[in-house]
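Asks: Supplied in structure tokens, the structure appears directly below.
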2 protein chains.
Amino acid sequence: MTRSGQPEEGIRVAVSTAILTLRRDGAQAPRIALPLVRRTRDPHAGAWALPGGWLDTREGLATAAARTLAETTGLAPSYLEQLYAFGAVDRSPSRVVSVVYWALLREEDALGAAAQENVHWFDATDLPELAFDHARIIEYALWRLRNKVGYSRVAQGFLPPEFTLADLREAYETILGRKLDPANFRRQVDATRTLIPTNAFRTGNHRPARLYRDATDVELADRGPLSPEETRTS
Amino acid sequence: MTRSGQPEEGIRVAVSTAILTLRRDGAQAPRIALPLVRRTRDPHAGAWALPGGWLDTREGLATAAARTLAETTGLAPSYLEQLYAFGAVDRSPSRVVSVVYWALLREEDALGAAAQENVHWFDATDLPELAFDHARIIEYALWRLRNKVGYSRVAQGFLPPEFTLADLREAYETILGRKLDPANFRRQVDATRTLIPTNAFRTGNHRPARLYRDATDVELADRGPLSPEETRTS
């Protein structure tokens with residue numbers, strides 16, 4: 001940047017993280033859920049907020065997001081992707097720029113985290129009163145997810161390494177908020193050539209369903225030419 | 001964010017902007033060009049940098065990006081999209097988080113800007129010595145552009161409202177850095193149903209070429225549910 005003049009004092013940098021998972025409760029359709037932390041101090045004491053905290057002088061943005069996420073929720077995803085930097089003047093009583101990260105977690109990994117005091121998982125469609133602009137940040141994350149599912153394999157972040165086409169379609173349906181035709185969905189997935197059929201089947205109450213896995217080692221997240229230092233958290 | 005502890009002092013927030021355009025010099029293949037500003041003070045005095053400056057306490061991030069871009073280059077694009085927040089610990093002698101914006105400009109709009117002292121347009125493939133991590137920021141912007149051209153109409157940001165299929169293909173070829181088969185390209189564009197043929201033709205040294213325009217009013221940039229305040233700059 002060109003440094004014209006002196007920087008203003010009083011602008012602080014925070015990080016927050018939106019962790020999304022697919023929650024299945026028995027026979028119900030899965031829903032997108034995310035962990036929130038109840039604030040214990042002002043501003044917005046008692047309201048719920050995305051896990052996060054202040055950026056430390058000696059750590060990168062993704063490292064700070066991973067640290068504050070672990071401190072508040074015990075969650076430690078292997079990868080966090082930068083979502084957006086929010087910096088509206090009136091988003092907090094003091095001037096705070098929040099760099100928000102996000103990750104999709106499989107339900108098992110999400111449940112595996114130790115339950116922490118003041119942390120609760122909420123359905124994305126049934127959120128409590130949120131601090132700051134966090135309701136809009138979550139709205140933005142869900143919009144990005146819907147948008148991205150159309151051109152990337154982001155939905156597979158919700159699934160285990162082997163999954164049925166019905167699992168994958170269900171993940172898409174939950175993200176998009178509408179039902180998809182199973183035959184059309186299979187054709188579209190076939191056309192992308194990104195899934196490899198395995199010789200394994202899931203059996204149960206339904207007829208056996210073939211398990212698939214990803215065709216490539218390409219990472220699910222968009223890192224591009226960014227360095228591991230800038231994006232990887234573990 | 002959950003405010004655990006006090007924020008560290010000494011972290012400052014800057015904004016920078018990468019303005020990309022397609023530059024055509026007569027019969028040569030077009031190239032991607034961007035404006036850089038020569039730094040007049042340390043750190044990195046004499047090196048070239050993306051236009052930018054410090055975030056002011058009383059302005060939003062996109063507003064700051066637009067202001068500093070106008071101050072340094074005279075350019076005033078109607079829309080800036082947030083690219084990424086760069087915050088590695090060692091990217092500057094002091095601790096600076098830079099929120100980087102970007103926009104694609106048509107060549108006419110780029111040339112229309114008054115030439116400013118210490119501002120120069122460089123070919124993206126022939127950059128000078130750059131300050132800070134700006135070489136990597138530009139590399140990241142070009143990667144995002146290549147990536148995005150596969151699933152969005154981003155390339156049309158380089159073109160006037162009416163353009164030929166050859167114009168559009170040439171923009172794609174320049175972004176992707178490789179030749180595309182004209183017949184295949186036409187088929188793929190037809191399949192997207194996003195272009196409307198007009199009744200106008202471009203005439204000249206070649207046989208007349210039909211002009212097309214966008215089929216929709218959908219904006220070229222990804223704003224999603226973000227408010228105009230957060231993204232619009234004019």
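Just so we're on the same page: first chain in the structure tokens is A, next is B, and so on; residues restart at 1 for each chain, and ligands are numbered from 1 in the order they show up.
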List the spatial neighbours of Ser98 in chain B as an NGL selection string - criterion: any atom at most 10 Å away, only C-alpha atoms, same-chain residues fewer than 4 positions off excluded.
Replies: (:A and (1)) or (:B and (12-17 or 52-55 or 84-88 or 91))
Asks: Write the residues of the preceding selection, restricted to C-alpha atoms, as a CSV table (one decimal), in the first residue's frame.
Replies:
```csv
chain,number,residue,atom,x,y,z
A,1,MET,CA,0.0,0.0,0.0
B,12,ARG,CA,-2.8,-1.3,11.8
B,13,VAL,CA,-5.3,-1.7,8.9
B,14,ALA,CA,-4.6,-0.7,5.4
B,15,VAL,CA,-6.4,-1.1,2.1
B,16,SER,CA,-5.0,-1.7,-1.4
B,17,THR,CA,-6.6,-2.2,-4.8
B,52,GLY,CA,-3.8,2.1,-1.3
B,53,GLY,CA,-3.4,3.7,2.0
B,54,TRP,CA,-4.6,3.6,5.7
B,55,LEU,CA,-8.1,2.9,6.7
B,84,TYR,CA,-8.7,-11.0,0.4
B,85,ALA,CA,-7.3,-9.8,3.7
B,86,PHE,CA,-3.5,-10.3,3.9
B,87,GLY,CA,-2.1,-10.4,7.4
B,88,ALA,CA,1.1,-12.4,7.6
B,91,ARG,CA,4.6,-8.8,5.4
```
Asks: Taking the DSSP secondary structure from the backbone, can you list the residues of range 28-194 of chain A that are alpha helix (DSSP H), as a PyMOL selection string?
Replies: chain A and resi 61-73+107-112+134-148+165-176+182-192
Asks: Ranking B:Ala103, B:Leu165, B:Ala141, B:Val189 by minimum distance to chain A and counting only C-alpha atoms, which one comes first?
Replies: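 So, comparing all the options, the nearest one is B:Ala141.
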Asks: Report the residues of range 83-158 of chain A whose backbone DSSP state falls under strand (DSSP E or B), written as a count of residues only.
Replies: 21
Asks: I'd like to know which of A:Pro208, A:Pro197, A:Gly60, A:Gly157 is closest to Val89 in chain B, using only C-alpha atoms.
Replies: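 Closest to Val89 in chain B of all the choices is A:Gly60.
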Asks: Can you work out which one of A:Gln28, A:Gln188, A:Ser94, A:Thr164 has the shortest atom-to-atom distance to chain B, counting only C-alpha atoms?
Replies: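 Looking at the shortest contact to chain B, the residue is A:Ser94.
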Asks: Do you have the CA of Arg146 in chain B-CA of Thr194 in chain A distance handy?
Replies: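 For CA of Arg146 in chain B relative to CA of Thr194 in chain A, the distance reads 20.3 Å.
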Asks: Counting only C-alpha atoms, which residue out of A:Ala64, A:Val149, A:Ala70, A:Val119 sits closest to Val100 in chain A?
Replies: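 Answer, going by the shortest atom-to-atom distance: A:Ala64.
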Asks: Using Å and a single decimal, report how far CA of Ala62 in chain A sits from CA of Tyr140 in chain B.
Replies: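 Distance between the two atoms: 16.7 Å.
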Asks: Rank A:Gly204, A:Pro128, A:Pro30, A:Gly46 by their smallest atom-to-atom distance to chain B, using only C-alpha atoms, and report the top residue only.
Replies: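 Once distances to chain B are computed over only C-alpha atoms, the minimum belongs to A:Gly46.
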Asks: How many Å lie between CA of Asn118 in chain B and CA of Ser92 in chain B, rounded to one decimal?
Replies: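 Computing the Euclidean distance for CA of Asn118 in chain B and CA of Ser92 in chain B yields 21.3 Å.
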Asks: Could you check which of B:Asp214, B:Asp25, B:Asp123, B:Asp56 is closest to chain A, using only C-alpha atoms?
Replies: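 Smallest distance to chain A is found for B:Asp56.
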